[in-house]
Amino acid sequence: EPPADFICPITTELMSDPVMAADGHSYERSAIERWLATKSTSPMTGEALVHTFLAPNHTLRRQIREWEEARA
């Protein structure tokens, strides 16, 4: 089982393109983009997001890739 931090809270699947939203949580890019197309709230807290900028989470992406390679 992958570490919980590697799982998107929207899709409940292993992330391949993690991004960080204004709420400080990481999500799979495609999932949070779909969410933000119709909502302006955090999927985790339900509170309004101060902005909808999504920052690539390079550190988390690297950790997920390293975990996947270690299991290969």
# chains A, B, ... in the order shown; residues from 1 in each chain; ligands from 1
$ closest_atom_pairs --of "segment 38-64 of chain A" --to "segment 27-34 of chain A" --cutoff "9 Å" --atoms "only C-alpha atoms" --output "tab-separated table"
residue	atom	partner	partner_atom	distance
A:Thr38	CA	A:Arg34	CA	7.3
A:Lys39	CA	A:Arg34	CA	8.9
A:Pro43	CA	A:Ile32	CA	8.4
A:Leu54	CA	A:Arg29	CA	8.0
A:Pro56	CA	A:Arg29	CA	8.4
$ residues_around --residues "Ala21 of chain A" --least-positions-apart "6" --cutoff "7 Å" --atoms "only C-alpha atoms" --output "VMD selection string"
chain A and resid 52 to 55
$ select_by_dssp --residues "chain A" --states "alpha helix (DSSP H)" --output "ChimeraX atom specification"
/A:29-36,58-71
$ closest_residue --among "A:Ala4, A:Ile10, A:Ala72, A:Met20" --to "Met44 of chain A" --atoms "only C-alpha atoms"
A:Ile10
$ residues_around --residues "Arg65 of chain A" --least-positions-apart "6" --cutoff "12 Å" --atoms "only C-alpha atoms" --output "list in words"
Pro2, Phe6, Leu14, Met15, Ser16, Asp17, Pro18, His58, Thr59, Arg71 and Ala72 of chain A
$ atom_distance --atom1 "atom CA of Asp23 of chain A" --atom2 "atom CA of Ser42 of chain A"
6.3 Å
$ atom_distance --atom1 "atom CA of Arg62 of chain A" --atom2 "atom CA of Asp5 of chain A"
12.6 Å
$ closest_residue --among "A:Asn57, A:Gln63, A:Ser40, A:Thr12" --to "Gly24 of chain A" --atoms "only C-alpha atoms"
A:Asn57
